[in-house]
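S.K.: The structure under discussion is supplied below as structure tokens; questions concerning it will follow.
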Amino acid sequence: MQWKEDYAIGIPEIDKQHKTLLEFITEFEDAFAGKKHWNTVQPLVVRARDFLKFHFSVEESLMQIVGYSELDGHRAEHLYVVDQFTLLEHRVLRQDMRDELMPMMSVWLFNHISESDKPFGHYVQDYFRAARAA
Ligand SMILES: [Fe+2]
Ligand SMILES: [Fe+2]
């Protein structure tokens with residue numbers, strides 16, 4: 001999967017983390033394309049899950065700092081993605097999920113980035129613009 005400038009939400013640190021998430025997806029693709037054994041894929045899944053949780057808590061902390069009114073709904077979307085990821089981990093344990101895994105991860109993450117993270121990015125930019133002007 002390729003990073004597109006259109007994915008940028010305008011907060012450099014968050015964009016950097018989104019790029020890291022995309023790198024995880026690419027690593028998954030490579031691991032599955034090489035038909036890597038579960039022993040190789042499993043640590044990658046654990047690292048991806050931990051990074052995903054870290055990323056979500058960074059976003060939620062920033063939302064709290066700037067008083068973002070959509071925090072609860074946004075957090076619910078994050079929880080949904082983490083839940084789905086956990087289910088996926090269990091399914092990967094049982095069978096080769098290559099065909100389903102990539103589209104699912106990409107859809108959850110990149111829909112979330114463009115539909116929910118992006119409006120938040122705009123909110124944060126407005127917030128700091130207003131703070132600088134004050
Ligand atoms: Fe995000
Ligand atoms: Fe988010």
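Every chain in the structure tokens has a letter given in the order shown (A, B, ...), and although residue numbers restart at 1 in each chain, ligands are simply numbered from 1 in the order shown.
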Set out as a tab-separated table a contact list for chain A and ligand 2 with a cut-off of 7 Å, giving each residue of chain A that qualifies its closest atom pair and distance in Å to one decimal, counting only C-alpha atoms and all ligand atoms, ordered by chain and rising residue number.

M.R.:
residue	atom	partner	partner_atom_place_in_ligand_line	distance
A:Phe56	CA	ligand 2	1 (Fe)	6.0
A:Glu59	CA	ligand 2	1 (Fe)	6.2
A:His74	CA	ligand 2	1 (Fe)	6.3
A:His78	CA	ligand 2	1 (Fe)	6.2
A:His112	CA	ligand 2	1 (Fe)	6.3
A:Ile113	CA	ligand 2	1 (Fe)	6.3
A:Ser116	CA	ligand 2	1 (Fe)	6.2
A:Asp117	CA	ligand 2	1 (Fe)	4.8

S.K.: Produce a file of the selected residues containing N, CA and C atoms, as a compact mmCIF listing (two decimals), in the first residue's frame.

M.R.:
# COMPACT_ATOMS: atom_id res chain seq x y z
N PHE A 56 -3.55 5.40 18.98
CA PHE A 56 -4.89 5.84 19.37
C PHE A 56 -4.83 6.64 20.67
N GLU A 59 -3.68 10.19 19.90
CA GLU A 59 -4.76 11.00 19.32
C GLU A 59 -5.78 11.41 20.39
N HIS A 74 -15.14 9.32 18.46
CA HIS A 74 -13.86 8.95 17.85
C HIS A 74 -13.23 7.79 18.63
N HIS A 78 -12.02 3.95 17.54
CA HIS A 78 -10.72 3.34 17.86
C HIS A 78 -10.93 1.98 18.54
N HIS A 112 -10.95 5.35 8.50
CA HIS A 112 -10.93 6.10 9.76
C HIS A 112 -10.06 7.36 9.61
N ILE A 113 -8.91 7.21 8.96
CA ILE A 113 -8.02 8.37 8.79
C ILE A 113 -8.72 9.45 7.96
N SER A 116 -12.43 10.39 9.89
CA SER A 116 -12.48 10.84 11.29
C SER A 116 -11.23 11.58 11.74
N ASP A 117 -10.04 11.09 11.34
CA ASP A 117 -8.83 11.78 11.78
C ASP A 117 -8.68 13.13 11.05

S.K.: Just list as a PyMOL selection string whatever in chain A DSSP marks as alpha helix (DSSP H).

M.R.: chain A and resi 12-33+38-66+71-94+98-112+118-133

S.K.: Which residues are close to Thr20 (chain A), i.e. within 12 Å by only C-alpha atoms, leaving aside same-chain residues fewer than 4 positions away? Reply as a list in words.

M.R.: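 Once the nearby chain positions are removed, what remains is Met1, Gln2, Trp3, Glu13, Ile14, Asp15, Lys16, Phe24, Ile25, Thr26, Glu27, Arg47, Ala48, Phe51, Leu52, Phe54, His55 and Leu109 of chain A.
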
S.K.: I need the chosen residues saved as an mmCIF file, in the first residue's frame, with N, CA, C and O atoms.

M.R.:
data_model
loop_
_atom_site.group_PDB
_atom_site.id
_atom_site.type_symbol
_atom_site.label_atom_id
_atom_site.label_comp_id
_atom_site.auth_asym_id
_atom_site.auth_seq_id
_atom_site.Cartn_x
_atom_site.Cartn_y
_atom_site.Cartn_z
ATOM 1 N N MET A 1 0.839 -1.203 0.000
ATOM 2 C CA MET A 1 0.000 0.000 0.000
ATOM 3 C C MET A 1 0.867 1.243 0.000
ATOM 4 O O MET A 1 1.840 1.304 0.718
ATOM 5 N N GLN A 2 0.513 2.208 -0.815
ATOM 6 C CA GLN A 2 1.306 3.427 -0.948
ATOM 7 C C GLN A 2 0.705 4.570 -0.132
ATOM 8 O O GLN A 2 -0.505 4.739 -0.118
ATOM 9 N N TRP A 3 1.575 5.329 0.509
ATOM 10 C CA TRP A 3 1.124 6.551 1.199
ATOM 11 C C TRP A 3 0.750 7.588 0.146
ATOM 12 O O TRP A 3 1.448 7.747 -0.854
ATOM 13 N N GLU A 13 3.188 14.921 13.486
ATOM 14 C CA GLU A 13 3.464 13.723 14.292
ATOM 15 C C GLU A 13 2.419 12.628 14.026
ATOM 16 O O GLU A 13 2.741 11.441 13.938
ATOM 17 N N ILE A 14 1.159 13.031 13.884
ATOM 18 C CA ILE A 14 0.102 12.035 13.609
ATOM 19 C C ILE A 14 0.292 11.457 12.202
ATOM 20 O O ILE A 14 0.157 10.242 12.001
ATOM 21 N N ASP A 15 0.635 12.312 11.248
ATOM 22 C CA ASP A 15 0.886 11.814 9.879
ATOM 23 C C ASP A 15 2.026 10.792 9.889
ATOM 24 O O ASP A 15 1.971 9.780 9.204
ATOM 25 N N LYS A 16 3.061 11.081 10.700
ATOM 26 C CA LYS A 16 4.202 10.167 10.796
ATOM 27 C C LYS A 16 3.736 8.806 11.336
ATOM 28 O O LYS A 16 4.120 7.752 10.841
ATOM 29 N N PHE A 24 3.409 -1.067 8.534
ATOM 30 C CA PHE A 24 3.028 -2.365 9.100
ATOM 31 C C PHE A 24 2.208 -3.163 8.084
ATOM 32 O O PHE A 24 2.419 -4.361 7.913
ATOM 33 N N ILE A 25 1.271 -2.491 7.434
ATOM 34 C CA ILE A 25 0.446 -3.178 6.436
ATOM 35 C C ILE A 25 1.340 -3.740 5.328
ATOM 36 O O ILE A 25 1.176 -4.887 4.905
ATOM 37 N N THR A 26 2.311 -2.924 4.901
ATOM 38 C CA THR A 26 3.238 -3.388 3.856
ATOM 39 C C THR A 26 4.045 -4.599 4.347
ATOM 40 O O THR A 26 4.249 -5.558 3.601
ATOM 41 N N GLU A 27 4.470 -4.555 5.620
ATOM 42 C CA GLU A 27 5.211 -5.700 6.168
ATOM 43 C C GLU A 27 4.348 -6.950 6.180
ATOM 44 O O GLU A 27 4.828 -8.051 5.909
ATOM 45 N N ARG A 47 3.518 -6.339 17.436
ATOM 46 C CA ARG A 47 4.077 -4.984 17.321
ATOM 47 C C ARG A 47 3.068 -4.028 16.700
ATOM 48 O O ARG A 47 2.928 -2.886 17.126
ATOM 49 N N ALA A 48 2.357 -4.512 15.674
ATOM 50 C CA ALA A 48 1.366 -3.664 15.001
ATOM 51 C C ALA A 48 0.241 -3.300 15.974
ATOM 52 O O ALA A 48 -0.183 -2.149 16.043
ATOM 53 N N PHE A 51 1.491 -0.783 18.533
ATOM 54 C CA PHE A 51 1.666 0.546 17.941
ATOM 55 C C PHE A 51 0.308 1.205 17.685
ATOM 56 O O PHE A 51 0.133 2.404 17.904
ATOM 57 N N LEU A 52 -0.651 0.397 17.241
ATOM 58 C CA LEU A 52 -2.003 0.897 16.987
ATOM 59 C C LEU A 52 -2.597 1.487 18.271
ATOM 60 O O LEU A 52 -3.138 2.594 18.273
ATOM 61 N N PHE A 54 -0.942 2.545 20.920
ATOM 62 C CA PHE A 54 -0.161 3.734 21.260
ATOM 63 C C PHE A 54 -0.665 4.938 20.441
ATOM 64 O O PHE A 54 -0.929 6.011 20.978
ATOM 65 N N HIS A 55 -0.825 4.700 19.131
ATOM 66 C CA HIS A 55 -1.269 5.770 18.235
ATOM 67 C C HIS A 55 -2.637 6.319 18.662
ATOM 68 O O HIS A 55 -2.846 7.523 18.717
ATOM 69 N N LEU A 109 -8.474 1.234 8.698
ATOM 70 C CA LEU A 109 -7.542 2.294 9.046
ATOM 71 C C LEU A 109 -7.703 3.504 8.156
ATOM 72 O O LEU A 109 -7.776 4.624 8.644
#

S.K.: Quick one, how far is CA of Glu89 (chain A) from CA of Val58 (chain A)?

M.R.: 22.9 Å

S.K.: Show which residues sit within 12 Å of Thr86 (chain A), as a count of residues only. Count only C-alpha atoms, and ignore same-chain residues fewer than 4 positions away.

M.R.: 16

S.K.: Measuring between only C-alpha atoms and all ligand atoms, which one of A:Met63, A:Leu87, A:Ala130, A:Leu44 shows the shortest distance to ligand 1?

M.R.: A:Met63

S.K.: Need to verify the contact set: Gly10 (chain A), 9 Å, only C-alpha atoms, exclusion of same-chain residues closer than 6 positions in sequence. Can you return it as a ChimeraX atom specification?

M.R.: /A:118,121-122,124-125

S.K.: Print the selection's residues with all heavy atoms to a file, as a PDB file, in the first residue's frame.

M.R.:
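Final file, out06.pdb:
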ATOM      1  N   LYS A 118      -9.066  13.139   9.802  1.00  0.00           N
ATOM      2  CA  LYS A 118      -8.877  14.365   9.014  1.00  0.00           C
ATOM      3  C   LYS A 118      -9.682  15.549   9.572  1.00  0.00           C
ATOM      4  O   LYS A 118      -9.121  16.627   9.759  1.00  0.00           O
ATOM      5  CB  LYS A 118      -9.242  14.114   7.556  1.00  0.00           C
ATOM      6  CG  LYS A 118      -8.385  14.920   6.617  1.00  0.00           C
ATOM      7  CD  LYS A 118      -8.528  14.432   5.205  1.00  0.00           C
ATOM      8  CE  LYS A 118      -7.291  14.790   4.423  1.00  0.00           C
ATOM      9  NZ  LYS A 118      -7.360  14.335   3.056  1.00  0.00           N
ATOM     10  N   GLY A 121      -7.853  16.758  12.451  1.00  0.00           N
ATOM     11  CA  GLY A 121      -6.663  17.511  12.046  1.00  0.00           C
ATOM     12  C   GLY A 121      -7.008  18.957  11.735  1.00  0.00           C
ATOM     13  O   GLY A 121      -6.321  19.884  12.150  1.00  0.00           O
ATOM     14  N   HIS A 122      -8.125  19.138  11.033  1.00  0.00           N
ATOM     15  CA  HIS A 122      -8.553  20.508  10.708  1.00  0.00           C
ATOM     16  C   HIS A 122      -8.904  21.276  11.983  1.00  0.00           C
ATOM     17  O   HIS A 122      -8.568  22.442  12.132  1.00  0.00           O
ATOM     18  CB  HIS A 122      -9.762  20.486   9.764  1.00  0.00           C
ATOM     19  CG  HIS A 122      -9.411  19.956   8.409  1.00  0.00           C
ATOM     20  ND1 HIS A 122     -10.317  19.300   7.606  1.00  0.00           N
ATOM     21  CD2 HIS A 122      -8.238  19.952   7.725  1.00  0.00           C
ATOM     22  CE1 HIS A 122      -9.715  18.943   6.478  1.00  0.00           C
ATOM     23  NE2 HIS A 122      -8.455  19.317   6.530  1.00  0.00           N
ATOM     24  N   VAL A 124      -7.697  20.810  14.981  1.00  0.00           N
ATOM     25  CA  VAL A 124      -6.474  21.145  15.721  1.00  0.00           C
ATOM     26  C   VAL A 124      -5.756  22.327  15.064  1.00  0.00           C
ATOM     27  O   VAL A 124      -5.276  23.236  15.746  1.00  0.00           O
ATOM     28  CB  VAL A 124      -5.536  19.910  15.807  1.00  0.00           C
ATOM     29  CG1 VAL A 124      -4.156  20.288  16.321  1.00  0.00           C
ATOM     30  CG2 VAL A 124      -6.144  18.863  16.722  1.00  0.00           C
ATOM     31  N   GLN A 125      -5.720  22.337  13.733  1.00  0.00           N
ATOM     32  CA  GLN A 125      -5.063  23.453  13.053  1.00  0.00           C
ATOM     33  C   GLN A 125      -5.787  24.764  13.340  1.00  0.00           C
ATOM     34  O   GLN A 125      -5.149  25.785  13.616  1.00  0.00           O
ATOM     35  CB  GLN A 125      -5.003  23.178  11.553  1.00  0.00           C
ATOM     36  CG  GLN A 125      -3.961  22.112  11.221  1.00  0.00           C
ATOM     37  CD  GLN A 125      -4.049  21.672   9.781  1.00  0.00           C
ATOM     38  OE1 GLN A 125      -3.880  22.473   8.879  1.00  0.00           O
ATOM     39  NE2 GLN A 125      -4.324  20.408   9.561  1.00  0.00           N
TER      40      GLN A 125
END

S.K.: Rank nothing, just name the residue among A:Glu77, A:Asp72, A:Glu29, A:Asp6 nearest to ligand 1, using only C-alpha atoms and all ligand atoms.

M.R.: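 With only C-alpha atoms and all ligand atoms as the atom set, the closest residue is A:Glu77.
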
S.K.: What does the distance between CA of Phe128 (chain A) and CA of Leu62 (chain A) come to in Å, to one decimal place?

M.R.: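 That distance, rounded to one decimal, is 12.1 Å.
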
S.K.: Which residue, A:Arg94, A:Val66, A:Asp83, A:Trp108, has the smallest gap to ligand 1 when you use only C-alpha atoms and all ligand atoms?

M.R.: A:Trp108

S.K.: One decimal, in Å: what's the spacing between CA of Gln84 (chain A) and atom 1 (Fe, counted along the ligand's line) of ligand 1?

M.R.: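 Answer for the CA of Gln84 (chain A) to atom 1 (Fe, counted along the ligand's line) of ligand 1 separation: 15.5 Å.
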
S.K.: Nearest to ligand 1 among A:Asp30, A:Glu115, A:Glu70, A:Glu5, with distances taken over only C-alpha atoms and all ligand atoms: which residue is it?

M.R.: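 Residue with the minimum atom-to-atom distance to ligand 1: A:Glu115.
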
S.K.: Using only C-alpha atoms and all ligand atoms, which residue out of A:Met104, A:Leu22, A:Leu88, A:Ala31 lies closest to ligand 1?

M.R.: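 The closest residue to ligand 1 is A:Leu22.
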
S.K.: Using only C-alpha atoms and all ligand atoms, can you tell me which of A:Gln17, A:Thr40, A:Gln64, A:Ser106 comes closest to ligand 1?

M.R.: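 Using only C-alpha atoms and all ligand atoms, ligand 1 sits closest to A:Gln17.
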